[in-house]
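Here's the structure, in structure tokens; my notes come after.
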Amino acid sequence: MAKYAIGNDLGGSQQAVSGTYKTLVSMFATTGTLRRGKLYDILIGTNGTPADNYVEWDVSRMTADGTGSAITPNALDPADAAAAGTAKANYTVEPTVTANSSVFYVGVNQRASYRWVAAPGSELVYPATANNGLVGRARSGGYTGTATFKALVEEQ
């Protein structure tokens, strides 16, 4: 079971947060070697000018890819093979997100960072189905700077 780090710091230009969800990072199964994945650790924050605004963070299910910068998941153990799935960051055209499929949601003050770690057996799972995966997104009614999203994912 190889484990990888993905984040919107790994490629492309970070996109500004707005009043609608902006996809910052995704990991999904692709054609060929299909593996399911488990997202088990999330680190989120903002890297813009500090102010007192809220940012809503979400992880939802996707069923079709959009336009984002391809990133290489970094293996946590250098002896592990490259990830079989695809990871992207900093979307300019949103992927297709399944309605009402949020599996993680939290509102955080812009000045704060936040970390979520899954209890064993409570990881966020995506199937070994082509173009199905998870997206990490952010939105805010007041903050319009950029945000950071780092996730740790295990492929099975």
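Labeling convention for the structure tokens: chains A, B, ... as they appear, residues from 1 per chain, ligands from 1 in order of appearance.
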
Residues near Ser122 of chain A, anyone? I mean within 12 Å using only C-alpha atoms, not counting same-chain ones fewer than 3 positions away, as a count of residues only.
11

If we count only C-alpha atoms and set the cut-off at 6 Å, which residues sit around Thr96 of chain A, ignoring sequence neighbours fewer than 6 positions away in its own chain? Please answer as a list in words.
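Once the nearby chain positions are removed, what remains is Met62, Thr63 and Ala64 of chain A.
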
Among listed residues A:Ala130, A:Ile6, A:Ala89, A:Val135, nearest Pro73 of chain A (using only C-alpha atoms):
A:Ile6

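Comparing the minimum interatomic distances between Gly12 of chain A and each of A:Thr67, A:Val55, A:Thr144, A:Arg137, counting only C-alpha atoms, we find that A:Thr67 sits nearest.
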
Neighbour list for segment 20-37 of chain A as a count of residues only, cut-off 7 Å, only C-alpha atoms, skip fewer than 2 positions in-chain:
34

Close residues, Thr49 of chain A itself excluded, 12 Å, only C-alpha atoms, min 5 positions apart in chain, as a ChimeraX atom specification:
/A:110-111,143-147

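Minimum atom-to-atom distances from A:Val93, A:Ala151, A:Ala51, A:Val59 to Ala112 of chain A were compared using only C-alpha atoms, and the lowest value belongs to A:Ala51.
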
Name the residues of segment 46-134 of chain A that come out as strand (DSSP E or B) in a backbone DSSP run; write them as a PyMOL selection string.
chain A and resi 46+54-64+67-71+74-75+86-93+96-97+104-109+114-117+124-126+133-134

Computed gap from atom CA of Thr92 of chain A to atom CA of Val106 of chain A is 23.2 Å

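Across A:Gly19, A:Gly11, A:Gly45, A:Gly141, the tightest approach to Tyr114 of chain A is made by A:Gly45 when counting only C-alpha atoms.
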
How far is it from atom CA of Asp80 of chain A to atom CA of Ala5 of chain A, in Å with one decimal?
12.5 Å

Can you work out the spacing between atom CA of Ala70 of chain A and atom CA of Gly107 of chain A in Å, to one decimal?
27.4 Å

So that I can check the surroundings of Asn109 of chain A, please list as a ChimeraX atom specification every protein, DNA and RNA residue that reaches within 8 Å of it, counting only C-alpha atoms and ignoring chain neighbours fewer than 6 positions away.
/A:52-55
